[in-house]
Protein chains: 2
Amino acid sequence: MHFASEQHLDDGILERAFTLGEVPGILWTPSSASTSAPAPLILLSPPPLGLRKTYPRLAARARHAAADGFATATIELPGSGDRPREPAAEQALADLRRAMETGEPVTDEIIDALILPLVEKSVPEWQAALDALLSLPEIGGPVGYSGGVISIGVRLAVVEPRISAAVLFAGSFVPRATFEEARQVTIPLHVLLQWDDEGNDRQAALDLFDAFGTKEKTLHANMGGHTGVPQSAGDEAGRFLARHLK
Amino acid sequence: MHFASEQHLDDGILERAFTLGEVPGILWTPSSASTSAPAPLILLSPPPLGLRKTYPRLAARARHAAADGFATATIELPGSGDRPREPAAEQALADLRRAMETGEPVTDEIIDALILPLVEKSVPEWQAALDALLSLPEIGGPVGYSGGVISIGVRLAVVEPRISAAVLFAGSFVPRATFEEARQVTIPLHVLLQWDDEGNDRQAALDLFDAFGTKEKTLHANMGGHTGVPQSAGDEAGRFLARHLK
């Protein structure tokens with residue numbers, strides 16, 4: 001893990017850009033974090049739009065988390081931002097757009113081609129990032145996850161025992177395989193659903209929530225479109241993590 | 001409004017039993033409520049089980065609300081507690097139980113017979129209670145509603161302009177007429193749904209949430225069965241009312 005730059009934000013938050021191999025990322029640590037009092041960590045998984053584009057939203061969430069004493073970290077997804085494009089994923093994205101424009105059904109094949117390789121490649125990267133982050137003396141456990149592409153969150157929740165609780169954003173295109181994996185999730189989940197998000201499939205989101213095997217899951221549905229998660233809903237997700245990680 | 005008895009609870013809360021005509025009720029006021037600083041009010045609509053049976057849950061919610069500076073009041077529903085039974089409602093309840101025991105469908109006729117007369121009779125009682133409560137110098141506005149039989153809450157939200165925000169418990173048997181009325185609701189709503197409540201119809205609850213005409217609505221679904229609303233979900237509902245009534 002190589003720290004490329006650092007800056008102090010207001011409220012004493014330290015923001016550091018890093019690279020881990022070829023993967024760029026950002027780490028935010030609250031002023032309360034120290035070697036003698038390591039901060040719990042939230043992995044902030046971005047949507048597949050590139051860290052530069054989503055920085056304002058991610059940084060706002062990092063500030064909120066820092067106010068609760070959490071360090072947060074994010075890494076660039078494969079094929080996003082400045083990372084090399086994945087030809088197969090680009091093809092799947094083109095197929096998806098064509099299907100949506102022409103009103104044809106978005107087939108399981110398109111969704112699988114778009115999402116499954118992303119899950120396969122990114123989950124080990126998140127695990128490597130977790131190794132590196134937890135080796136820093138100012139970062140401790142427990143670890144929460146909040147993001148992004150829901151299939152990545154589901155896979156991480158199943159395979160990564162260091163993650164204790166997760167906030168998931170419902171409604172991405174969801175491969176059938178994710179529904180199967182959802183049954184194996186046993187950690188507490190807080191699922192956010194934008195009820196009138198026309199770009200996503202509400203019924204699939206409800207079915208996925210139903211499929212989660214965990215005994216402790218909560219679904220918060222709100223109005224306001226894809227990026228219109230109300231402030232109060234963000235606060236509630238933050239309280240969920242604070243409740244389960246402290 | 002006749003006060004029949006009063007007692008001081010811990011935290012300085014004053015609990016008063018009252019009758020309004022033939023309708024018994026309970027009013028809880030926080031120690032902060034005074035003539036010079038009247039408390040905002042939450043109408044705490046009970047499930048149709050009788051105030052005596054539901055007192056522990058209602059009093060717990062009243063205590064939480066008092067900590068936020070709210071007065072709370074509840075009244076006995078028609079046909080519940082010590083109030084005279086309604087023969088038509090008793091018949092509908094018997095029909096409902098028979099249908100559920102034999103696995104027959106619960107028809108619209110049974111649901112209408114069970115719920116619609118209850119709405120017709122109880123809504124004017126809640127409005128009369130609101131008149132009486134708001135005439136007390138230590139009670140002011142704004143007014144929130146939290147309860148109970150969802151069709152009563154929907155009707156009140158439509159016809160009673162003094163109610164500014166409502167917490168509704170999804171999943172009661174819902175007449176078709178309530179779905180139509182739901183479109184006319186314009187106040188902020190916070191809907192609680194117990195996801196695995198086998199006694200209720202989850203899809204109907206989701207359809208009703210979808211039908212609400214208000215631009216500001218949130219659905220919080222949790223595990224835990226009919227009476228197993230998690231503490232965190234109760235806290236969130238309380239924060240919703242505090243946000244909208246202050």
# chains A, B, ... in the order shown; residues from 1 in each chain; ligands from 1

$ interface_residues --of "chain B" --to "chain A" --cutoff "9 Å" --atoms "only C-alpha atoms" --output "PyMOL selection string"
chain B and resi 195+210+215-224+232-233+236+240

$ residues_around --residues "stretch 55-59 of chain A" --least-positions-apart "2" --cutoff "9 Å" --atoms "only C-alpha atoms" --output "MDAnalysis selection string"
chainID A and resid 28 44:46 50:53 61:64 74

$ write_last_selection --atoms "C-alpha atoms" --output "tab-separated table (two decimals), in the first residue's frame"
chain	number	residue	atom	x	y	z
A	28	TRP	CA	-10.17	8.81	5.45
A	44	LEU	CA	-17.13	2.37	1.14
A	45	SER	CA	-17.75	0.59	-2.15
A	46	PRO	CA	-18.44	3.03	-4.99
A	50	GLY	CA	-15.13	6.16	-11.17
A	51	LEU	CA	-13.87	7.60	-7.90
A	52	ARG	CA	-13.32	11.04	-9.40
A	53	LYS	CA	-16.96	11.37	-10.40
A	61	ARG	CA	-20.27	9.77	3.66
A	62	ALA	CA	-16.68	9.54	4.94
A	63	ARG	CA	-17.18	12.77	6.91
A	64	HIS	CA	-20.37	11.46	8.48
A	74	THR	CA	-12.69	3.10	-0.97

$ residues_around --residues "A:Pro175" --least-positions-apart "6" --cutoff "7 Å" --atoms "only C-alpha atoms" --output "compact mmCIF listing (two decimals) with C-alpha atoms, in the first residue's frame"
# COMPACT_ATOMS: atom_id res chain seq x y z
CA ASP A 108 -29.84 -12.93 -17.70
CA ILE A 111 -26.61 -9.14 -16.57
CA ASP A 112 -24.30 -12.08 -15.87

$ residues_around --residues "B:Ile110" --least-positions-apart "4" --cutoff "12 Å" --atoms "only C-alpha atoms" --output "VMD selection string"
chain B and resid 88 to 100 104 to 106 114 to 117 173 to 176

$ write_last_selection --atoms "C-alpha atoms" --output "mmCIF file, in the first residue's frame"
data_model
loop_
_atom_site.group_PDB
_atom_site.id
_atom_site.type_symbol
_atom_site.label_atom_id
_atom_site.label_comp_id
_atom_site.auth_asym_id
_atom_site.auth_seq_id
_atom_site.Cartn_x
_atom_site.Cartn_y
_atom_site.Cartn_z
ATOM 1 C CA ALA B 88 -71.559 -6.742 13.063
ATOM 2 C CA ALA B 89 -67.829 -6.469 13.790
ATOM 3 C CA GLU B 90 -67.961 -9.551 16.020
ATOM 4 C CA GLN B 91 -69.630 -11.459 13.192
ATOM 5 C CA ALA B 92 -66.975 -10.291 10.723
ATOM 6 C CA LEU B 93 -64.225 -11.314 13.137
ATOM 7 C CA ALA B 94 -65.807 -14.756 13.509
ATOM 8 C CA ASP B 95 -66.011 -15.037 9.700
ATOM 9 C CA LEU B 96 -62.363 -13.986 9.421
ATOM 10 C CA ARG B 97 -61.213 -16.563 11.970
ATOM 11 C CA ARG B 98 -63.237 -19.302 10.294
ATOM 12 C CA ALA B 99 -61.747 -18.446 6.892
ATOM 13 C CA MET B 100 -58.222 -18.433 8.278
ATOM 14 C CA GLU B 104 -60.386 -20.338 2.716
ATOM 15 C CA PRO B 105 -59.681 -16.940 1.158
ATOM 16 C CA VAL B 106 -60.413 -13.925 3.336
ATOM 17 C CA LEU B 114 -64.499 -5.850 9.806
ATOM 18 C CA ILE B 115 -62.709 -2.599 9.039
ATOM 19 C CA LEU B 116 -64.976 -0.053 7.352
ATOM 20 C CA PRO B 117 -67.468 0.396 10.240
ATOM 21 C CA PHE B 173 -56.405 -6.380 6.623
ATOM 22 C CA VAL B 174 -56.877 -3.546 4.185
ATOM 23 C CA PRO B 175 -60.202 -2.814 2.420
ATOM 24 C CA ARG B 176 -60.061 -1.780 -1.233
#

$ select_by_dssp --residues "stretch 21-223 of chain B" --states "strand (DSSP E or B)" --output "JSON, numbers by chain"
{"B": [23, 24, 25, 26, 27, 28, 29, 39, 40, 41, 42, 43, 44, 45, 71, 72, 73, 74, 75, 139, 140, 141, 142, 143, 144, 145, 146, 147, 163, 164, 165, 166, 167, 168, 169, 189, 190, 191, 192, 193, 194, 217, 218, 219, 220, 221, 222]}

$ closest_residue --among "B:Ser146, B:Ser122, B:Thr29, B:Ser34" --to "B:Gly238" --atoms "only C-alpha atoms"
B:Ser146
